[in-house]
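J.: Data file entry24.cif (mmCIF, C-alpha atoms) is appended below.
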data_final
#
loop_
_atom_site.group_PDB
_atom_site.id
_atom_site.type_symbol
_atom_site.label_atom_id
_atom_site.label_comp_id
_atom_site.auth_asym_id
_atom_site.auth_seq_id
_atom_site.Cartn_x
_atom_site.Cartn_y
_atom_site.Cartn_z
ATOM 1 C CA MET A 72 112.882 -76.834 -49.187
ATOM 2 C CA ILE A 73 109.980 -78.544 -50.917
ATOM 3 C CA THR A 74 109.655 -82.217 -50.062
ATOM 4 C CA ASP A 75 109.151 -84.924 -52.688
ATOM 5 C CA ASP A 76 105.378 -84.566 -52.424
ATOM 6 C CA GLY A 77 105.477 -80.833 -53.242
ATOM 7 C CA PHE A 78 104.704 -79.474 -49.757
ATOM 8 C CA ASN A 79 106.893 -77.070 -47.778
ATOM 9 C CA ARG A 80 107.211 -78.584 -44.322
ATOM 10 C CA TRP A 81 108.336 -76.575 -41.304
ATOM 11 C CA SER A 82 110.466 -79.501 -40.114
ATOM 12 C CA GLN A 83 112.525 -79.234 -43.311
ATOM 13 C CA LEU A 84 112.599 -75.433 -43.699
ATOM 14 C CA VAL A 85 113.682 -74.645 -40.146
ATOM 15 C CA ARG A 86 117.015 -76.390 -40.713
ATOM 16 C CA THR A 87 118.337 -73.278 -42.434
ATOM 17 C CA PRO A 88 117.591 -69.695 -41.319
ATOM 18 C CA GLY A 89 114.967 -67.900 -43.371
ATOM 19 C CA ALA A 90 112.203 -65.335 -43.482
ATOM 20 C CA VAL A 91 108.837 -64.898 -45.184
ATOM 21 C CA GLN A 92 106.005 -62.381 -45.074
ATOM 22 C CA LEU A 93 102.816 -63.838 -43.594
ATOM 23 C CA GLN A 94 99.611 -63.416 -45.589
ATOM 24 C CA SER A 95 97.061 -65.776 -44.003
ATOM 25 C CA HIS A 96 96.650 -69.238 -42.496
ATOM 26 C CA CYS A 97 94.210 -72.122 -42.180
ATOM 27 C CA PRO A 98 93.980 -75.361 -40.196
ATOM 28 C CA ILE A 99 94.714 -78.496 -42.241
ATOM 29 C CA GLU A 100 95.454 -82.187 -42.019
ATOM 30 C CA VAL A 101 99.084 -82.448 -43.167
ATOM 31 C CA PRO A 102 99.688 -85.582 -45.247
ATOM 32 C CA PRO A 103 102.636 -87.800 -44.316
ATOM 33 C CA ILE A 104 105.914 -87.090 -46.082
ATOM 34 C CA ALA A 105 106.253 -89.114 -49.287
ATOM 35 C CA GLY A 106 107.957 -92.417 -48.561
ATOM 36 C CA ALA A 107 106.485 -92.706 -45.057
ATOM 37 C CA THR A 108 105.021 -96.052 -44.038
ATOM 38 C CA ALA A 109 101.653 -96.970 -45.486
ATOM 39 C CA ASP A 110 99.941 -96.766 -42.100
ATOM 40 C CA SER A 111 101.024 -93.129 -41.520
ATOM 41 C CA LEU A 112 98.034 -90.880 -40.972
ATOM 42 C CA PRO A 113 97.684 -87.165 -41.712
ATOM 43 C CA ARG A 114 98.526 -84.938 -38.750
ATOM 44 C CA PRO A 115 96.597 -81.873 -37.615
ATOM 45 C CA GLY A 116 98.473 -78.711 -38.428
ATOM 46 C CA VAL A 117 98.445 -75.169 -39.706
ATOM 47 C CA ARG A 118 99.142 -74.031 -43.255
ATOM 48 C CA LEU A 119 100.730 -70.596 -43.536
ATOM 49 C CA PHE A 120 100.297 -68.679 -46.788
ATOM 50 C CA VAL A 121 103.424 -66.577 -47.278
ATOM 51 C CA ALA A 122 105.354 -64.388 -49.707
ATOM 52 C CA PRO A 123 109.134 -64.338 -50.185
ATOM 53 C CA VAL A 124 111.183 -61.649 -48.418
ATOM 54 C CA ASP A 125 114.535 -60.253 -49.531
ATOM 55 C CA GLY A 126 114.842 -62.410 -52.632
ATOM 56 C CA GLY A 127 114.739 -65.683 -50.721
ATOM 57 C CA PRO A 128 113.315 -68.906 -52.122
ATOM 58 C CA ALA A 129 109.801 -68.635 -53.524
ATOM 59 C CA LEU A 130 107.766 -70.243 -50.750
ATOM 60 C CA TYR A 131 104.012 -69.893 -50.925
ATOM 61 C CA THR A 132 102.769 -72.262 -48.216
ATOM 62 C CA ILE A 133 104.383 -73.754 -45.144
ATOM 63 C CA ASP A 134 102.762 -76.699 -43.350
ATOM 64 C CA ILE A 135 103.396 -76.851 -39.611
ATOM 65 C CA THR A 136 102.690 -79.874 -37.399
ATOM 66 C CA SER A 137 105.092 -78.977 -34.588
ATOM 67 C CA THR A 138 102.945 -78.366 -31.517
ATOM 68 C CA GLN A 139 105.618 -76.063 -30.073
ATOM 69 C CA THR A 140 105.712 -73.939 -33.214
ATOM 70 C CA MET A 141 101.930 -73.801 -33.421
ATOM 71 C CA ALA A 142 101.788 -72.751 -29.752
ATOM 72 C CA MET A 143 104.294 -69.938 -30.413
ATOM 73 C CA LEU A 144 102.167 -68.609 -33.285
ATOM 74 C CA GLU A 145 98.709 -69.365 -31.858
ATOM 75 C CA GLY A 146 97.922 -65.953 -30.356
ATOM 76 C CA PHE A 147 99.082 -64.027 -33.409
ATOM 77 C CA LEU A 148 97.176 -66.263 -35.811
ATOM 78 C CA ALA A 149 93.971 -66.143 -33.735
ATOM 79 C CA SER A 150 94.003 -62.340 -33.461
ATOM 80 C CA GLY A 151 94.997 -61.667 -37.068
ATOM 81 C CA THR A 152 97.963 -59.525 -36.037
ATOM 82 C CA HIS A 153 100.262 -61.741 -38.119
ATOM 83 C CA VAL A 154 99.080 -60.423 -41.502
ATOM 84 C CA GLY A 155 101.856 -58.517 -43.262
ATOM 85 C CA LYS A 156 104.449 -59.327 -40.583
ATOM 86 C CA VAL A 157 107.762 -60.971 -41.364
ATOM 87 C CA LEU A 158 108.271 -64.397 -39.806
ATOM 88 C CA SER A 159 111.935 -65.273 -39.442
ATOM 89 C CA TRP A 160 113.368 -68.443 -37.953
ATOM 90 C CA ARG A 161 116.449 -70.373 -37.029
ATOM 91 C CA ALA A 162 117.042 -73.679 -35.286
ATOM 92 C CA ARG A 163 119.825 -75.005 -33.119
ATOM 93 C CA GLY A 164 120.497 -78.600 -32.247
ATOM 94 C CA PHE A 165 119.031 -81.798 -33.666
ATOM 95 C CA GLY A 166 116.230 -84.209 -32.786
ATOM 96 C CA VAL A 167 114.768 -83.795 -29.314
ATOM 97 C CA LEU A 168 117.474 -81.213 -28.511
ATOM 98 C CA ARG A 169 116.465 -78.941 -31.416
ATOM 99 C CA ARG A 170 115.317 -75.481 -30.381
ATOM 100 C CA ASP A 171 113.467 -73.312 -32.884
ATOM 101 C CA THR A 172 113.582 -69.540 -32.569
ATOM 102 C CA ILE A 173 110.757 -67.642 -34.234
ATOM 103 C CA ARG A 174 110.553 -63.883 -34.581
ATOM 104 C CA LEU A 175 107.652 -61.792 -35.870
ATOM 105 C CA SER A 176 108.558 -58.276 -36.953
ATOM 106 C CA PRO A 177 106.998 -55.510 -39.027
ATOM 107 C CA ARG A 178 107.890 -55.389 -42.703
ATOM 108 C CA SER A 179 110.668 -52.856 -43.173
#
Mind turning the file's structure into structure tokens?
T.:
Amino acid sequence: MITDDGFNRWSQLVRTPGAVQLQSHCPIEVPPIAGATADSLPRPGVRLFVAPVDGGPALYTIDITSTQTMAMLEGFLASGTHVGKVLSWRARGFGVLRRDTIRLSPRS
């Protein structure tokens, strides 16, 4: 799901299960979602460059600011073992009770 400002945000995408093939990543300052208060500042995050898998929606970048999600991916991103892998996700619950499940698997 692309937000009004044209960026794919993890917080929006994770609401429905999905999968993408990871290509690369870079650290970024993620701008606030359009419509946020004027005093909202960019947040440190990670931008994933991805390709669609199995005919899913055409996502090309995903911006992540969730510290838990970044921590789950940190080792893979730092070592480069993420390239070409399929990242799939699903979430359960809402708000502070939301639990994201992330799985990295080889491309089949």
J.: Can you measure CA of Arg170 in chain A to CA of Val117 in chain A for me? One decimal in Å is fine.
T.: 19.3 Å
J.: Quote the spacing between CA of Phe147 in chain A and CA of Ile104 in chain A in Å to one decimal place.
T.: 27.2 Å
J.: Tell me which residues come within 10 Å of (114.1, -78.3, -42.3), as a list of chain:residue names, counting all atoms listed in the file in the file's coordinates.
T.: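 These residues have at least one counted atom within 10 Å: A:Met72, A:Ile73, A:Thr74, A:Asn79, A:Arg80, A:Trp81, A:Ser82, A:Gln83, A:Leu84, A:Val85, A:Arg86, A:Thr87, A:Pro88, A:Arg161, A:Ala162.
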J.: Could you write out as a compact mmCIF listing (two decimals) with C-alpha atoms, keeping the file's coordinate frame the residues that the PyMOL selection byres ((chain A and resi 144) around 10) matches in the shown file?
T.:
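This went into selection_27.txt:
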# COMPACT_ATOMS: atom_id res chain seq x y z
CA VAL A 117 98.44 -75.17 -39.71
CA THR A 138 102.94 -78.37 -31.52
CA GLN A 139 105.62 -76.06 -30.07
CA THR A 140 105.71 -73.94 -33.21
CA MET A 141 101.93 -73.80 -33.42
CA ALA A 142 101.79 -72.75 -29.75
CA MET A 143 104.29 -69.94 -30.41
CA GLU A 145 98.71 -69.36 -31.86
CA GLY A 146 97.92 -65.95 -30.36
CA PHE A 147 99.08 -64.03 -33.41
CA LEU A 148 97.18 -66.26 -35.81
CA ALA A 149 93.97 -66.14 -33.74
CA HIS A 153 100.26 -61.74 -38.12
CA LEU A 158 108.27 -64.40 -39.81
CA ILE A 173 110.76 -67.64 -34.23
CA ARG A 174 110.55 -63.88 -34.58
CA LEU A 175 107.65 -61.79 -35.87
J.: Near Arg118 in chain A, within 6 Å and counting all atoms listed in the file, which residues show up once chain neighbours fewer than 6 positions away are dropped, as a list in words?
T.: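 Skipping anything fewer than 6 positions along the chain leaves His96, Cys97, Ile133 and Asp134 of chain A.
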J.: What does the distance from CA of Ser95 in chain A to CA of Val167 in chain A come to in Å, to one decimal?
T.: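 Between these atoms lies a distance of 29.2 Å.
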J.: Go through the shown structure with the PyMOL selection byres ((chain A and resi 94) around 6) and write out the matching residues as a ChimeraX atom specification.
T.: /A:93,95,120-121,154-155
J.: Which residues match the PyMOL selection byres ((chain A and resi 176) around 6) in the file above, as a list of chain:residue names?
T.: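 Going through the file, the PyMOL selection byres ((chain A and resi 176) around 6) ends up selecting A:Lys156, A:Val157, A:Leu175, A:Pro177.
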J.: Restrict the selected residues to C-alpha atoms and save them as an mmCIF file, in the coordinates of the input.
T.:
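Everything below was put into again.cif:
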data_model
loop_
_atom_site.group_PDB
_atom_site.id
_atom_site.type_symbol
_atom_site.label_atom_id
_atom_site.label_comp_id
_atom_site.auth_asym_id
_atom_site.auth_seq_id
_atom_site.Cartn_x
_atom_site.Cartn_y
_atom_site.Cartn_z
ATOM 1 C CA LYS A 156 104.449 -59.327 -40.583
ATOM 2 C CA VAL A 157 107.762 -60.971 -41.364
ATOM 3 C CA LEU A 175 107.652 -61.792 -35.870
ATOM 4 C CA PRO A 177 106.998 -55.510 -39.027
#
J.: From the structure just shown, export chain A with C-alpha atoms as a PDB file, in the first residue's frame.
T.:
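The resulting file, result.pdb, is shown below:
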ATOM      1  CA  MET A  72       0.000   0.000   0.000  1.00  0.00           C
ATOM      2  CA  ILE A  73       1.544   3.282  -1.086  1.00  0.00           C
ATOM      3  CA  THR A  74       0.750   6.171   1.227  1.00  0.00           C
ATOM      4  CA  ASP A  75      -0.446   9.562  -0.021  1.00  0.00           C
ATOM      5  CA  ASP A  76       3.136  10.800  -0.278  1.00  0.00           C
ATOM      6  CA  GLY A  77       4.165   7.946  -2.603  1.00  0.00           C
ATOM      7  CA  PHE A  78       6.250   5.924  -0.122  1.00  0.00           C
ATOM      8  CA  ASN A  79       5.657   2.286   0.826  1.00  0.00           C
ATOM      9  CA  ARG A  80       5.731   2.189   4.611  1.00  0.00           C
ATOM     10  CA  TRP A  81       6.222  -1.027   6.565  1.00  0.00           C
ATOM     11  CA  SER A  82       3.577   0.063   9.081  1.00  0.00           C
ATOM     12  CA  GLN A  83       0.994   0.078   6.279  1.00  0.00           C
ATOM     13  CA  LEU A  84       2.180  -2.974   4.309  1.00  0.00           C
ATOM     14  CA  VAL A  85       2.414  -5.346   7.264  1.00  0.00           C
ATOM     15  CA  ARG A  86      -1.347  -5.137   7.803  1.00  0.00           C
ATOM     16  CA  THR A  87      -1.872  -7.687   5.043  1.00  0.00           C
ATOM     17  CA  PRO A  88       0.365 -10.732   4.443  1.00  0.00           C
ATOM     18  CA  GLY A  89       2.826 -10.367   1.591  1.00  0.00           C
ATOM     19  CA  ALA A  90       6.192 -11.265   0.143  1.00  0.00           C
ATOM     20  CA  VAL A  91       8.925  -9.575  -1.879  1.00  0.00           C
ATOM     21  CA  GLN A  92      12.392 -10.481  -3.114  1.00  0.00           C
ATOM     22  CA  LEU A  93      15.119  -8.415  -1.448  1.00  0.00           C
ATOM     23  CA  GLN A  94      17.627  -6.679  -3.713  1.00  0.00           C
ATOM     24  CA  SER A  95      19.487  -4.176  -1.507  1.00  0.00           C
ATOM     25  CA  HIS A  96      19.014  -1.655   1.293  1.00  0.00           C
ATOM     26  CA  CYS A  97      20.258   1.683   2.592  1.00  0.00           C
ATOM     27  CA  PRO A  98      19.826   3.774   5.742  1.00  0.00           C
ATOM     28  CA  ILE A  99      17.518   6.780   5.312  1.00  0.00           C
ATOM     29  CA  GLU A 100      15.596   9.447   7.159  1.00  0.00           C
ATOM     30  CA  VAL A 101      11.947   8.500   6.568  1.00  0.00           C
ATOM     31  CA  PRO A 102       9.747  11.574   6.095  1.00  0.00           C
ATOM     32  CA  PRO A 103       6.554  11.816   8.148  1.00  0.00           C
ATOM     33  CA  ILE A 104       3.406  10.432   6.553  1.00  0.00           C
ATOM     34  CA  ALA A 105       1.546  13.095   4.569  1.00  0.00           C
ATOM     35  CA  GLY A 106      -0.971  14.846   6.791  1.00  0.00           C
ATOM     36  CA  ALA A 107       1.158  14.488   9.932  1.00  0.00           C
ATOM     37  CA  THR A 108       1.545  17.540  12.148  1.00  0.00           C
ATOM     38  CA  ALA A 109       3.864  20.267  10.935  1.00  0.00           C
ATOM     39  CA  ASP A 110       6.353  19.645  13.737  1.00  0.00           C
ATOM     40  CA  SER A 111       6.829  15.953  12.798  1.00  0.00           C
ATOM     41  CA  LEU A 112      10.455  15.183  12.057  1.00  0.00           C
ATOM     42  CA  PRO A 113      11.902  12.510   9.770  1.00  0.00           C
ATOM     43  CA  ARG A 114      12.710   9.254  11.555  1.00  0.00           C
ATOM     44  CA  PRO A 115      15.829   7.142  11.088  1.00  0.00           C
ATOM     45  CA  GLY A 116      15.060   3.993   9.172  1.00  0.00           C
ATOM     46  CA  VAL A 117      16.015   1.514   6.505  1.00  0.00           C
ATOM     47  CA  ARG A 118      14.872   1.517   2.890  1.00  0.00           C
ATOM     48  CA  LEU A 119      14.598  -1.923   1.309  1.00  0.00           C
ATOM     49  CA  PHE A 120      14.824  -2.183  -2.475  1.00  0.00           C
ATOM     50  CA  VAL A 121      12.639  -5.106  -3.533  1.00  0.00           C
ATOM     51  CA  ALA A 122      11.056  -6.902  -6.480  1.00  0.00           C
ATOM     52  CA  PRO A 123       7.557  -8.408  -6.588  1.00  0.00           C
ATOM     53  CA  VAL A 124       7.137 -12.147  -5.966  1.00  0.00           C
ATOM     54  CA  ASP A 125       4.336 -14.361  -7.261  1.00  0.00           C
ATOM     55  CA  GLY A 126       2.485 -11.611  -9.097  1.00  0.00           C
ATOM     56  CA  GLY A 127       1.908  -9.522  -5.987  1.00  0.00           C
ATOM     57  CA  PRO A 128       1.673  -5.737  -5.995  1.00  0.00           C
ATOM     58  CA  ALA A 129       4.558  -3.951  -7.690  1.00  0.00           C
ATOM     59  CA  LEU A 130       6.533  -2.714  -4.691  1.00  0.00           C
ATOM     60  CA  TYR A 131       9.981  -1.322  -5.338  1.00  0.00           C
ATOM     61  CA  THR A 132      10.957   0.228  -2.001  1.00  0.00           C
ATOM     62  CA  ILE A 133       9.776  -0.311   1.546  1.00  0.00           C
ATOM     63  CA  ASP A 134      10.648   2.202   4.274  1.00  0.00           C
ATOM     64  CA  ILE A 135      10.997   0.739   7.759  1.00  0.00           C
ATOM     65  CA  THR A 136      11.129   2.775  10.978  1.00  0.00           C
ATOM     66  CA  SER A 137      10.024   0.003  13.339  1.00  0.00           C
ATOM     67  CA  THR A 138      12.968  -0.659  15.644  1.00  0.00           C
ATOM     68  CA  GLN A 139      11.765  -4.233  16.198  1.00  0.00           C
ATOM     69  CA  THR A 140      11.621  -4.931  12.473  1.00  0.00           C
ATOM     70  CA  MET A 141      15.011  -3.341  11.885  1.00  0.00           C
ATOM     71  CA  ALA A 142      16.466  -5.443  14.721  1.00  0.00           C
ATOM     72  CA  MET A 143      15.048  -8.628  13.148  1.00  0.00           C
ATOM     73  CA  LEU A 144      16.683  -7.802   9.805  1.00  0.00           C
ATOM     74  CA  GLU A 145      19.888  -6.184  11.099  1.00  0.00           C
ATOM     75  CA  GLY A 146      22.201  -9.206  10.917  1.00  0.00           C
ATOM     76  CA  PHE A 147      21.052 -10.230   7.452  1.00  0.00           C
ATOM     77  CA  LEU A 148      21.341  -6.705   6.077  1.00  0.00           C
ATOM     78  CA  ALA A 149      24.800  -6.152   7.602  1.00  0.00           C
ATOM     79  CA  SER A 150      26.197  -9.421   6.223  1.00  0.00           C
ATOM     80  CA  GLY A 151      24.608  -9.138   2.781  1.00  0.00           C
ATOM     81  CA  THR A 152      22.977 -12.561   3.059  1.00  0.00           C
ATOM     82  CA  HIS A 153      19.583 -10.981   2.345  1.00  0.00           C
ATOM     83  CA  VAL A 154      20.234 -10.374  -1.369  1.00  0.00           C
ATOM     84  CA  GLY A 155      17.964 -12.536  -3.516  1.00  0.00           C
ATOM     85  CA  LYS A 156      16.045 -13.926  -0.526  1.00  0.00           C
ATOM     86  CA  VAL A 157      12.283 -13.717  -0.224  1.00  0.00           C
ATOM     87  CA  LEU A 158      11.010 -11.640   2.690  1.00  0.00           C
ATOM     88  CA  SER A 159       7.505 -12.623   3.725  1.00  0.00           C
ATOM     89  CA  TRP A 160       5.476 -11.133   6.551  1.00  0.00           C
ATOM     90  CA  ARG A 161       2.264 -11.187   8.487  1.00  0.00           C
ATOM     91  CA  ALA A 162       1.007  -9.311  11.524  1.00  0.00           C
ATOM     92  CA  ARG A 163      -1.399 -10.174  14.292  1.00  0.00           C
ATOM     93  CA  GLY A 164      -3.057  -7.786  16.677  1.00  0.00           C
ATOM     94  CA  PHE A 165      -3.250  -3.998  16.638  1.00  0.00           C
ATOM     95  CA  GLY A 166      -1.367  -1.097  18.208  1.00  0.00           C
ATOM     96  CA  VAL A 167       0.995  -2.031  21.020  1.00  0.00           C
ATOM     97  CA  LEU A 168      -0.303  -5.626  20.881  1.00  0.00           C
ATOM     98  CA  ARG A 169       0.656  -6.055  17.205  1.00  0.00           C
ATOM     99  CA  ARG A 170       3.188  -8.796  16.550  1.00  0.00           C
ATOM    100  CA  ASP A 171       4.971  -8.917  13.203  1.00  0.00           C
ATOM    101  CA  THR A 172       6.293 -12.210  11.881  1.00  0.00           C
ATOM    102  CA  ILE A 173       9.072 -11.981   9.315  1.00  0.00           C
ATOM    103  CA  ARG A 174      10.505 -14.892   7.375  1.00  0.00           C
ATOM    104  CA  LEU A 175      13.517 -14.921   5.058  1.00  0.00           C
ATOM    105  CA  SER A 176      13.676 -17.851   2.661  1.00  0.00           C
ATOM    106  CA  PRO A 177      15.522 -18.744  -0.530  1.00  0.00           C
ATOM    107  CA  ARG A 178      13.808 -17.935  -3.806  1.00  0.00           C
ATOM    108  CA  SER A 179      12.096 -21.073  -5.063  1.00  0.00           C
TER     109      SER A 179
END
